[in-house]
Amino acid sequence: MKDAGRNAGPTFGRDKFGGRARFGLLCYTDTLNLGDEIQSIAARRFLPSIDHYINREMLSGFSPPDGAPVGLVMNGWFCHHPENWPPSDAVVPLLVGLHITQERSSRGGRSAKDAMLGHPAVKYLRGFGPVGARDLGTLAMLRASGVDSYFSGCLSLTLSRPPVERDENLVVMNEVPPAVARHIRATSGKRVIGTNHACPWNDMVKRFEAAETLLAVYAGAGCVVTSRLHCALPCVAMGTPVFLLDVQRDRYRFAGLEDFFHHGTAADFIAGAANYDVDRPPPNPQTHLPYRAALTARMERFVSALQDDAAPAAPPLSAAERSQILSINHSELTRALIRQNQRIASLEQRLAALAKRIEAAPATQSAA
């Protein structure tokens with residue numbers, strides 16, 4: 001597995017800011033998926049302190065009050081608002097376990113792939129490489145864009161098991177299709193419960209607490225069946241037998257990670273063709289262990305480098321390049337707003353025409 005050293009450059013400069021390295025943790029206040037918090041929990045256990053909670057969708061605007069640079073593990077899914085990429089110069093990133101989505105932003109019209117791998121923004125990833133890709137799809141995109149990168153797997157593979165007792169008589173269903181839920185309840189002789197990663201709160205504390213509760217449930221289960229990647233991977237990390245249903249439409253997110261757990265289609269699971277019995281589940285594969293060890297070592301080196309004042313903090317983008325990126329993002333947002341206004345105008349015209357037909361209908365019937 002490739003994992004080259006960090007680029008040379010100006011150091012972190014902790015002595016200038018009070019003699020202690022600063023660390024941040026990604027937080028999320030506008031998403032519905034507690035899988036985001038699970039990935040931050042995985043990063044948190046390696047950090048000696050958390051001096052700042054930094055919103056993933058507002059990285060470009062982050063500015064610590066004391067001006068001290070902040071080490072930030074940038075893992076997980078990126079992102080809903082690619083117009084706010086790249087991070088500010090205050091961030092000293094570790095880019096590991098990174099997934100770049102190809103889904104288009106509802107706000108700006110562009111995907112994170114377009115924004116993060118376009119010129120000149122791609123220079124950020126090149127400058128802070130090598131980048132650890134969470135999946136093979138992201139790895140292919142990075143390499144096609146000239147970014148030094150490797151397949152790291154997901155940081156949630158390093159999660160430790162919380163101190164809960166395992167209940168071998170408990171089967172947990174996490175966001176499974178109704179037909180699968182009916183099949184499990186009808187065929188299992190064990191106690192069956194359901195969980196959900198949807199989160200209705202914007203409160204950061206509640207979100208992290210809910211994610212920790214979910215992890216404790218998975219750690220205590222005898223078996224878990226799920227459609228969620230960030231249920232399956234934590235189960236693997238904690239040693240809970242898990243089966244992942246291949247029902248998500250964006251399958252490229254799973255490439256390379258599917259070797260770490262049992263998986264198959266919902267139809268095969270119900271028909272028995274997947275050969276997976278929730279009452280007598282087979283152990284998970286152990287193929288994740290080298291990646292877990294490499295991720296742990298990578299995190300420890302990052303933290304140590306910041307504490308030893310040896311982590312490079314030189315921004316790979318010039319002021320002119322950042323200005324160019326802002327101009328591109330502004331243009332994209334403007335075009336998206338124009339398209340949105342056009343759609344609204346078209347809808348208003350259709351509604352007006354429909355209202356006219358409804359208004360004319362009684363008069364037509366009366367005349368008849």
# chains A, B, ... in the order shown; residues from 1 in each chain; ligands from 1

$ residues_around --residues "segment 35-46 of chain A" --least-positions-apart "4" --cutoff "10 Å" --atoms "only C-alpha atoms" --output "VMD selection string"
chain A and resid 23 to 28 31 50 56 72 to 77 97 154 to 160 197 to 199 204 207 to 212 214 to 215 228 to 231 234 296 299 to 300 302 to 303

$ write_last_selection --atoms "N, CA and C atoms" --output "tab-separated table (two decimals), in the first residue's frame"
chain	number	residue	atom	x	y	z
A	23	PHE	N	-6.04	21.19	17.03
A	23	PHE	CA	-6.70	20.17	16.22
A	23	PHE	C	-8.18	20.50	16.06
A	24	GLY	N	-8.70	20.16	14.90
A	24	GLY	CA	-10.12	20.35	14.64
A	24	GLY	C	-10.78	19.02	14.32
A	25	LEU	N	-12.11	19.02	14.36
A	25	LEU	CA	-12.90	17.84	14.02
A	25	LEU	C	-14.05	18.26	13.13
A	26	LEU	N	-14.27	17.52	12.06
A	26	LEU	CA	-15.38	17.83	11.16
A	26	LEU	C	-16.71	17.63	11.87
A	27	CYS	N	-17.63	18.57	11.67
A	27	CYS	CA	-18.99	18.45	12.17
A	27	CYS	C	-19.96	18.73	11.04
A	28	TYR	N	-21.24	18.44	11.29
A	28	TYR	CA	-22.25	18.47	10.23
A	28	TYR	C	-23.56	18.92	10.85
A	31	THR	N	-27.07	17.92	7.47
A	31	THR	CA	-27.26	16.66	6.76
A	31	THR	C	-28.24	15.79	7.54
A	50	ILE	N	-9.53	18.62	20.94
A	50	ILE	CA	-10.39	19.18	19.88
A	50	ILE	C	-10.58	20.65	20.21
A	56	ARG	N	-18.02	20.78	7.72
A	56	ARG	CA	-17.53	20.27	6.44
A	56	ARG	C	-17.96	21.13	5.27
A	72	LEU	N	-6.51	19.12	10.73
A	72	LEU	CA	-7.85	18.60	10.50
A	72	LEU	C	-7.80	17.33	9.68
A	73	VAL	N	-8.37	16.27	10.21
A	73	VAL	CA	-8.51	15.02	9.45
A	73	VAL	C	-9.71	15.18	8.54
A	74	MET	N	-9.47	15.16	7.25
A	74	MET	CA	-10.53	15.37	6.27
A	74	MET	C	-10.86	14.03	5.64
A	75	ASN	N	-11.72	13.29	6.33
A	75	ASN	CA	-12.16	11.98	5.88
A	75	ASN	C	-13.65	12.00	5.60
A	76	GLY	N	-14.11	11.02	4.87
A	76	GLY	CA	-15.54	10.88	4.64
A	76	GLY	C	-16.00	11.43	3.31
A	77	TRP	N	-17.30	11.70	3.25
A	77	TRP	CA	-18.01	12.05	2.01
A	77	TRP	C	-17.90	13.55	1.76
A	97	GLY	N	-9.11	8.50	3.73
A	97	GLY	CA	-10.48	7.98	3.77
A	97	GLY	C	-11.45	8.91	3.07
A	154	CYS	N	-11.69	3.17	4.65
A	154	CYS	CA	-12.42	4.16	5.44
A	154	CYS	C	-11.91	4.19	6.87
A	155	LEU	N	-11.81	5.39	7.42
A	155	LEU	CA	-11.30	5.55	8.78
A	155	LEU	C	-12.19	4.85	9.82
A	156	SER	N	-13.45	4.61	9.49
A	156	SER	CA	-14.33	3.91	10.43
A	156	SER	C	-13.89	2.46	10.67
A	157	LEU	N	-12.98	1.95	9.83
A	157	LEU	CA	-12.41	0.61	10.06
A	157	LEU	C	-11.51	0.59	11.29
A	158	THR	N	-11.16	1.76	11.83
A	158	THR	CA	-10.30	1.83	13.02
A	158	THR	C	-11.09	1.99	14.30
A	159	LEU	N	-12.42	2.03	14.22
A	159	LEU	CA	-13.22	2.23	15.42
A	159	LEU	C	-12.94	1.14	16.45
A	160	SER	N	-12.93	1.53	17.71
A	160	SER	CA	-12.76	0.56	18.79
A	160	SER	C	-14.14	0.14	19.31
A	197	HIS	N	-30.37	5.69	10.37
A	197	HIS	CA	-29.32	6.70	10.43
A	197	HIS	C	-29.83	8.09	10.13
A	198	ALA	N	-31.11	8.22	9.82
A	198	ALA	CA	-31.67	9.55	9.57
A	198	ALA	C	-31.65	10.37	10.84
A	199	CYS	N	-31.31	11.65	10.70
A	199	CYS	CA	-31.17	12.51	11.87
A	199	CYS	C	-31.99	13.79	11.67
A	204	MET	N	-25.37	19.82	17.18
A	204	MET	CA	-24.18	18.98	17.03
A	204	MET	C	-24.06	17.96	18.16
A	207	ARG	N	-26.43	15.10	17.74
A	207	ARG	CA	-26.06	14.26	16.61
A	207	ARG	C	-24.95	13.28	16.99
A	208	PHE	N	-23.93	13.78	17.67
A	208	PHE	CA	-22.83	12.90	18.08
A	208	PHE	C	-23.32	11.87	19.11
A	209	GLU	N	-24.17	12.29	20.01
A	209	GLU	CA	-24.71	11.34	21.00
A	209	GLU	C	-25.53	10.25	20.32
A	210	ALA	N	-26.34	10.62	19.33
A	210	ALA	CA	-27.14	9.63	18.62
A	210	ALA	C	-26.25	8.65	17.85
A	211	ALA	N	-25.17	9.16	17.25
A	211	ALA	CA	-24.25	8.28	16.53
A	211	ALA	C	-23.56	7.32	17.48
A	212	GLU	N	-23.17	7.78	18.65
A	212	GLU	CA	-22.54	6.91	19.64
A	212	GLU	C	-23.51	5.84	20.13
A	214	LEU	N	-25.94	4.53	18.34
A	214	LEU	CA	-26.02	3.56	17.26
A	214	LEU	C	-24.83	2.60	17.29
A	215	LEU	N	-23.63	3.13	17.48
A	215	LEU	CA	-22.44	2.29	17.53
A	215	LEU	C	-22.52	1.28	18.67
A	228	ARG	N	-26.58	0.39	4.79
A	228	ARG	CA	-25.74	1.56	5.01
A	228	ARG	C	-24.27	1.17	5.14
A	229	LEU	N	-23.42	1.85	4.39
A	229	LEU	CA	-21.99	1.59	4.45
A	229	LEU	C	-21.45	1.87	5.85
A	230	HIS	N	-21.96	2.96	6.48
A	230	HIS	CA	-21.42	3.31	7.79
A	230	HIS	C	-22.21	2.72	8.94
A	231	CYS	N	-22.88	1.63	8.63
A	231	CYS	CA	-23.26	0.63	9.61
A	231	CYS	C	-22.37	-0.59	9.41
A	234	PRO	N	-18.40	0.02	10.54
A	234	PRO	CA	-18.20	-0.04	12.00
A	234	PRO	C	-18.42	-1.44	12.57
A	296	THR	N	-4.34	3.51	11.17
A	296	THR	CA	-3.94	3.87	12.53
A	296	THR	C	-2.55	4.50	12.53
A	299	MET	N	-2.68	8.06	11.02
A	299	MET	CA	-3.22	9.04	11.97
A	299	MET	C	-2.21	9.39	13.04
A	300	GLU	N	-1.53	8.40	13.56
A	300	GLU	CA	-0.56	8.66	14.62
A	300	GLU	C	0.60	9.51	14.11
A	302	PHE	N	0.44	11.73	11.67
A	302	PHE	CA	-0.09	13.08	11.46
A	302	PHE	C	-0.12	13.86	12.77
A	303	VAL	N	-0.68	13.24	13.81
A	303	VAL	CA	-0.76	13.89	15.10
A	303	VAL	C	0.63	14.18	15.65

$ residues_around --residues "Thr195 of chain A" --least-positions-apart "3" --cutoff "7 Å" --atoms "only C-alpha atoms" --output "ChimeraX atom specification"
/A:173-175

$ write_last_selection --atoms "N, CA and C atoms" --output "tab-separated table (two decimals), in the first residue's frame"
chain	number	residue	atom	x	y	z
A	173	MET	N	-31.69	-4.75	12.30
A	173	MET	CA	-31.93	-4.38	10.90
A	173	MET	C	-31.75	-2.87	10.79
A	174	ASN	N	-30.84	-2.45	9.92
A	174	ASN	CA	-30.59	-1.02	9.73
A	174	ASN	C	-30.99	-0.62	8.32
A	175	GLU	N	-32.14	0.07	8.22
A	175	GLU	CA	-32.62	0.62	6.96
A	175	GLU	C	-32.64	-0.42	5.83

$ select_by_dssp --residues "segment 42-220 of chain A" --states "alpha helix (DSSP H)" --output "short mmCIF file (atom, residue, chain, number, x, y, z; two decimals) with N, CA and C atoms, in the first residue's frame"
data_model
loop_
_atom_site.label_atom_id
_atom_site.label_comp_id
_atom_site.auth_asym_id
_atom_site.auth_seq_id
_atom_site.Cartn_x
_atom_site.Cartn_y
_atom_site.Cartn_z
N ALA A 42 -14.63 8.25 14.48
CA ALA A 42 -13.45 7.45 14.16
C ALA A 42 -12.19 8.30 14.19
N ALA A 43 -12.27 9.54 13.69
CA ALA A 43 -11.11 10.43 13.71
C ALA A 43 -10.82 10.94 15.11
N ARG A 44 -11.85 11.20 15.88
CA ARG A 44 -11.73 11.84 17.20
C ARG A 44 -10.85 11.04 18.16
N ALA A 112 -19.10 17.67 -6.50
CA ALA A 112 -17.83 17.83 -5.81
C ALA A 112 -16.68 17.42 -6.71
N LYS A 113 -16.91 16.42 -7.54
CA LYS A 113 -15.87 16.01 -8.50
C LYS A 113 -15.48 17.18 -9.40
N ASP A 114 -16.46 17.89 -9.92
CA ASP A 114 -16.17 19.03 -10.79
C ASP A 114 -15.39 20.11 -10.05
N ALA A 115 -15.83 20.42 -8.82
CA ALA A 115 -15.25 21.53 -8.08
C ALA A 115 -13.87 21.20 -7.52
N MET A 116 -13.71 19.98 -6.99
CA MET A 116 -12.47 19.63 -6.31
C MET A 116 -11.36 19.21 -7.27
N LEU A 117 -11.75 18.68 -8.42
CA LEU A 117 -10.76 18.18 -9.37
C LEU A 117 -10.58 19.09 -10.58
N VAL A 122 -7.79 21.71 -8.06
CA VAL A 122 -7.15 20.40 -7.90
C VAL A 122 -5.75 20.53 -7.32
N LYS A 123 -5.14 21.71 -7.45
CA LYS A 123 -3.79 21.91 -6.91
C LYS A 123 -3.77 21.76 -5.39
N TYR A 124 -4.91 21.97 -4.74
CA TYR A 124 -4.97 21.78 -3.28
C TYR A 124 -4.71 20.32 -2.94
N LEU A 125 -5.39 19.41 -3.62
CA LEU A 125 -5.20 17.99 -3.36
C LEU A 125 -3.80 17.54 -3.76
N ARG A 126 -3.31 18.08 -4.85
CA ARG A 126 -1.95 17.73 -5.27
C ARG A 126 -0.93 18.22 -4.24
N GLY A 127 -1.16 19.41 -3.70
CA GLY A 127 -0.20 20.00 -2.78
C GLY A 127 -0.16 19.33 -1.42
N LEU A 136 -12.36 2.77 -4.48
CA LEU A 136 -11.61 2.70 -5.73
C LEU A 136 -12.13 3.69 -6.77
N GLY A 137 -13.41 4.05 -6.68
CA GLY A 137 -13.95 5.05 -7.60
C GLY A 137 -13.30 6.39 -7.40
N THR A 138 -13.15 6.81 -6.14
CA THR A 138 -12.46 8.06 -5.83
C THR A 138 -11.00 7.98 -6.23
N LEU A 139 -10.37 6.84 -5.99
CA LEU A 139 -8.96 6.67 -6.36
C LEU A 139 -8.76 6.87 -7.86
N ALA A 140 -9.66 6.31 -8.66
CA ALA A 140 -9.54 6.45 -10.12
C ALA A 140 -9.68 7.91 -10.53
N MET A 141 -10.63 8.65 -9.91
CA MET A 141 -10.80 10.07 -10.24
C MET A 141 -9.57 10.88 -9.86
N LEU A 142 -9.02 10.60 -8.68
CA LEU A 142 -7.84 11.34 -8.22
C LEU A 142 -6.66 11.12 -9.16
N ARG A 143 -6.42 9.87 -9.50
CA ARG A 143 -5.26 9.57 -10.34
C ARG A 143 -5.44 10.13 -11.75
N ALA A 144 -6.68 10.11 -12.24
CA ALA A 144 -6.93 10.69 -13.56
C ALA A 144 -6.69 12.19 -13.57
N PRO A 178 -38.52 -3.18 3.03
CA PRO A 178 -39.62 -3.83 3.76
C PRO A 178 -39.66 -5.34 3.55
N ALA A 179 -39.42 -5.81 2.33
CA ALA A 179 -39.47 -7.25 2.07
C ALA A 179 -38.40 -7.99 2.86
N VAL A 180 -37.23 -7.39 2.99
CA VAL A 180 -36.16 -8.01 3.78
C VAL A 180 -36.54 -8.02 5.25
N ALA A 181 -37.12 -6.93 5.75
CA ALA A 181 -37.54 -6.87 7.15
C ALA A 181 -38.59 -7.94 7.45
N ARG A 182 -39.55 -8.11 6.55
CA ARG A 182 -40.58 -9.13 6.76
C ARG A 182 -39.95 -10.53 6.78
N HIS A 183 -39.00 -10.76 5.88
CA HIS A 183 -38.35 -12.07 5.81
C HIS A 183 -37.58 -12.36 7.10
N ILE A 184 -36.84 -11.40 7.60
CA ILE A 184 -36.06 -11.61 8.82
C ILE A 184 -36.98 -11.88 10.00
N ARG A 185 -38.02 -11.09 10.14
CA ARG A 185 -38.94 -11.26 11.27
C ARG A 185 -39.66 -12.61 11.19
N ALA A 186 -39.92 -13.07 9.97
CA ALA A 186 -40.65 -14.33 9.81
C ALA A 186 -39.78 -15.56 10.00
N THR A 187 -38.50 -15.44 9.74
CA THR A 187 -37.62 -16.62 9.74
C THR A 187 -36.66 -16.68 10.92
N MET A 204 -25.37 19.82 17.18
CA MET A 204 -24.18 18.98 17.03
C MET A 204 -24.06 17.96 18.16
N VAL A 205 -24.30 18.37 19.39
CA VAL A 205 -24.14 17.48 20.53
C VAL A 205 -25.11 16.30 20.42
N LYS A 206 -26.37 16.58 20.08
CA LYS A 206 -27.35 15.52 19.94
C LYS A 206 -26.97 14.57 18.81
N ARG A 207 -26.43 15.10 17.74
CA ARG A 207 -26.06 14.26 16.61
C ARG A 207 -24.95 13.28 16.99
N PHE A 208 -23.93 13.78 17.67
CA PHE A 208 -22.83 12.90 18.08
C PHE A 208 -23.32 11.87 19.11
N GLU A 209 -24.17 12.29 20.01
CA GLU A 209 -24.71 11.34 21.00
C GLU A 209 -25.53 10.25 20.32
N ALA A 210 -26.34 10.62 19.33
CA ALA A 210 -27.14 9.63 18.62
C ALA A 210 -26.25 8.65 17.85
N ALA A 211 -25.17 9.16 17.25
CA ALA A 211 -24.25 8.28 16.53
C ALA A 211 -23.56 7.32 17.48
N GLU A 212 -23.17 7.78 18.65
CA GLU A 212 -22.54 6.91 19.64
C GLU A 212 -23.51 5.84 20.13
N THR A 213 -24.78 6.20 20.27
CA THR A 213 -25.78 5.22 20.67
C THR A 213 -25.92 4.13 19.61
N LEU A 214 -25.94 4.53 18.34
CA LEU A 214 -26.02 3.56 17.26
C LEU A 214 -24.83 2.60 17.29
N LEU A 215 -23.63 3.13 17.48
CA LEU A 215 -22.44 2.29 17.53
C LEU A 215 -22.52 1.28 18.67
N ALA A 216 -23.05 1.71 19.81
CA ALA A 216 -23.21 0.80 20.94
C ALA A 216 -24.19 -0.32 20.63
N VAL A 217 -25.26 0.02 19.91
CA VAL A 217 -26.24 -1.00 19.51
C VAL A 217 -25.60 -2.03 18.58
N TYR A 218 -24.84 -1.55 17.60
CA TYR A 218 -24.19 -2.47 16.66
C TYR A 218 -23.14 -3.32 17.36
N ALA A 219 -22.42 -2.72 18.30
CA ALA A 219 -21.39 -3.47 19.02
C ALA A 219 -22.01 -4.58 19.88
#

$ residues_around --residues "Cys79 of chain A" --least-positions-apart "6" --cutoff "9 Å" --atoms "only C-alpha atoms" --output "list in words"
Arg56, Glu57, His99, Ile100, Thr101, Ser105, Ser111 and Ala112 of chain A

$ write_last_selection --atoms "C-alpha atoms" --output "PDB file, in the first residue's frame"
ATOM      1  CA  ARG A  56     -17.527  20.272   6.442  1.00  0.00           C
ATOM      2  CA  GLU A  57     -19.677  22.483   4.236  1.00  0.00           C
ATOM      3  CA  HIS A  99     -14.788  10.021  -0.932  1.00  0.00           C
ATOM      4  CA  ILE A 100     -15.521  12.566  -3.670  1.00  0.00           C
ATOM      5  CA  THR A 101     -19.110  12.401  -4.816  1.00  0.00           C
ATOM      6  CA  SER A 105     -25.077  19.855  -5.841  1.00  0.00           C
ATOM      7  CA  SER A 111     -20.633  18.031  -8.343  1.00  0.00           C
ATOM      8  CA  ALA A 112     -17.829  17.833  -5.810  1.00  0.00           C
TER       9      ALA A 112
END

$ atom_distance --atom1 "atom CA of Thr29 of chain A" --atom2 "atom CA of Ser60 of chain A"
16.1 Å

$ select_by_dssp --residues "segment 82-234 of chain A" --states "strand (DSSP E or B)" --output "JSON, numbers by chain"
{"A": [91, 92, 93, 94, 95, 96, 97, 98, 99, 100, 104, 111, 131, 132, 133, 149, 150, 151, 167, 168, 169, 170, 171, 172, 173, 174, 191, 192, 193, 194, 195, 198, 221, 222, 223, 224, 225, 226]}

$ write_last_selection --atoms "N, CA and C atoms" --output "tab-separated table (two decimals), in the first residue's frame"
chain	number	residue	atom	x	y	z
A	91	VAL	N	-6.31	25.73	7.74
A	91	VAL	CA	-6.44	24.28	7.89
A	91	VAL	C	-5.16	23.59	7.41
A	92	VAL	N	-4.62	22.72	8.26
A	92	VAL	CA	-3.53	21.82	7.87
A	92	VAL	C	-4.16	20.44	7.75
A	93	PRO	N	-4.41	19.94	6.53
A	93	PRO	CA	-5.25	18.76	6.37
A	93	PRO	C	-4.48	17.44	6.35
A	94	LEU	N	-5.15	16.41	6.82
A	94	LEU	CA	-4.77	15.04	6.50
A	94	LEU	C	-5.91	14.49	5.65
A	95	LEU	N	-5.64	14.27	4.38
A	95	LEU	CA	-6.64	13.81	3.44
A	95	LEU	C	-6.56	12.29	3.37
A	96	VAL	N	-7.45	11.64	4.10
A	96	VAL	CA	-7.41	10.19	4.19
A	96	VAL	C	-8.85	9.67	4.31
A	97	GLY	N	-9.11	8.50	3.73
A	97	GLY	CA	-10.48	7.98	3.77
A	97	GLY	C	-11.45	8.91	3.07
A	98	LEU	N	-11.00	9.56	2.00
A	98	LEU	CA	-11.78	10.60	1.32
A	98	LEU	C	-12.62	10.01	0.20
A	99	HIS	N	-13.90	10.35	0.19
A	99	HIS	CA	-14.79	10.02	-0.93
A	99	HIS	C	-15.24	11.31	-1.59
A	100	ILE	N	-15.07	11.41	-2.90
A	100	ILE	CA	-15.52	12.57	-3.67
A	100	ILE	C	-16.75	12.17	-4.46
A	104	ARG	N	-24.53	15.77	-8.31
A	104	ARG	CA	-24.54	17.22	-8.49
A	104	ARG	C	-25.15	17.92	-7.28
A	111	SER	N	-20.95	19.09	-9.29
A	111	SER	CA	-20.63	18.03	-8.34
A	111	SER	C	-19.34	18.38	-7.62
A	131	VAL	N	-3.12	11.54	-1.19
A	131	VAL	CA	-4.49	11.51	-0.70
A	131	VAL	C	-4.94	10.06	-0.55
A	132	GLY	N	-5.45	9.73	0.62
A	132	GLY	CA	-6.00	8.40	0.85
A	132	GLY	C	-7.44	8.33	0.39
A	133	ALA	N	-7.71	7.57	-0.65
A	133	ALA	CA	-9.07	7.44	-1.20
A	133	ALA	C	-9.84	6.38	-0.42
A	149	SER	N	-2.09	9.53	-4.98
A	149	SER	CA	-3.16	8.96	-4.16
A	149	SER	C	-2.98	7.46	-4.01
A	150	TYR	N	-3.70	6.92	-3.04
A	150	TYR	CA	-3.66	5.48	-2.76
A	150	TYR	C	-5.00	5.08	-2.15
A	151	PHE	N	-5.30	3.80	-2.14
A	151	PHE	CA	-6.53	3.30	-1.55
A	151	PHE	C	-6.30	3.09	-0.06
A	167	ASP	N	-25.08	-9.36	22.79
A	167	ASP	CA	-26.28	-10.18	22.93
A	167	ASP	C	-26.42	-11.03	21.68
A	168	GLU	N	-26.00	-12.28	21.77
A	168	GLU	CA	-26.04	-13.15	20.60
A	168	GLU	C	-27.47	-13.42	20.13
A	169	ASN	N	-28.45	-13.10	20.97
A	169	ASN	CA	-29.85	-13.33	20.61
A	169	ASN	C	-30.48	-12.11	19.95
A	170	LEU	N	-29.69	-11.10	19.61
A	170	LEU	CA	-30.22	-9.86	19.04
A	170	LEU	C	-29.80	-9.72	17.57
A	171	VAL	N	-30.79	-9.51	16.71
A	171	VAL	CA	-30.56	-9.21	15.30
A	171	VAL	C	-31.00	-7.76	15.05
A	172	VAL	N	-30.12	-6.96	14.46
A	172	VAL	CA	-30.42	-5.56	14.19
A	172	VAL	C	-30.59	-5.36	12.68
A	173	MET	N	-31.69	-4.75	12.30
A	173	MET	CA	-31.93	-4.38	10.90
A	173	MET	C	-31.75	-2.87	10.79
A	174	ASN	N	-30.84	-2.45	9.92
A	174	ASN	CA	-30.59	-1.02	9.73
A	174	ASN	C	-30.99	-0.62	8.32
A	191	ARG	N	-34.50	-12.13	18.80
A	191	ARG	CA	-35.12	-10.82	18.96
A	191	ARG	C	-34.63	-9.90	17.84
A	192	VAL	N	-35.56	-9.21	17.18
A	192	VAL	CA	-35.21	-8.38	16.02
A	192	VAL	C	-35.64	-6.94	16.30
A	193	ILE	N	-34.70	-6.00	16.09
A	193	ILE	CA	-35.02	-4.58	16.22
A	193	ILE	C	-34.53	-3.84	14.97
A	194	GLY	N	-35.02	-2.61	14.78
A	194	GLY	CA	-34.60	-1.81	13.65
A	194	GLY	C	-33.94	-0.51	14.09
A	195	THR	N	-33.01	-0.02	13.28
A	195	THR	CA	-32.37	1.27	13.53
A	195	THR	C	-32.39	2.09	12.25
A	198	ALA	N	-31.11	8.22	9.82
A	198	ALA	CA	-31.67	9.55	9.57
A	198	ALA	C	-31.65	10.37	10.84
A	221	ALA	N	-24.84	-6.27	19.18
A	221	ALA	CA	-25.71	-7.18	18.43
A	221	ALA	C	-25.02	-8.49	18.11
A	222	GLY	N	-25.84	-9.53	17.95
A	222	GLY	CA	-25.32	-10.82	17.49
A	222	GLY	C	-25.14	-10.84	16.00
A	223	CYS	N	-25.93	-10.02	15.29
A	223	CYS	CA	-25.85	-9.93	13.83
A	223	CYS	C	-26.55	-8.64	13.40
A	224	VAL	N	-26.03	-8.05	12.31
A	224	VAL	CA	-26.62	-6.83	11.75
A	224	VAL	C	-26.81	-7.03	10.26
A	225	VAL	N	-27.98	-6.61	9.76
A	225	VAL	CA	-28.26	-6.56	8.32
A	225	VAL	C	-28.55	-5.11	7.98
A	226	THR	N	-27.89	-4.58	6.97
A	226	THR	CA	-27.97	-3.15	6.71
A	226	THR	C	-27.87	-2.84	5.23

$ atom_distance --atom1 "atom CA of Pro130 of chain A" --atom2 "atom CA of Asn329 of chain A"
25.5 Å

$ closest_residue --among "A:Gly153, A:Pro241, A:Gly67, A:Pro200" --to "Asp279 of chain A" --atoms "only C-alpha atoms"
A:Pro241

$ residues_around --residues "Ala267 of chain A" --least-positions-apart "3" --cutoff "10 Å" --atoms "only C-alpha atoms" --output "number ranges by chain"
A: 179-180, 245-246, 264, 270-274

$ write_last_selection --atoms "C-alpha atoms" --output "short mmCIF file (atom, residue, chain, number, x, y, z; two decimals), in the first residue's frame"
data_model
loop_
_atom_site.label_atom_id
_atom_site.label_comp_id
_atom_site.auth_asym_id
_atom_site.auth_seq_id
_atom_site.Cartn_x
_atom_site.Cartn_y
_atom_site.Cartn_z
CA ALA A 179 -39.47 -7.25 2.07
CA VAL A 180 -36.16 -8.01 3.78
CA LEU A 245 -27.62 -5.36 1.07
CA ASP A 246 -26.61 -4.13 -2.38
CA GLY A 264 -25.51 -9.41 -1.83
CA ILE A 270 -34.55 -13.41 0.81
CA ALA A 271 -34.24 -16.44 -1.49
CA GLY A 272 -31.36 -17.88 0.52
CA ALA A 273 -28.96 -17.57 -2.43
CA ALA A 274 -26.69 -15.30 -0.37
#
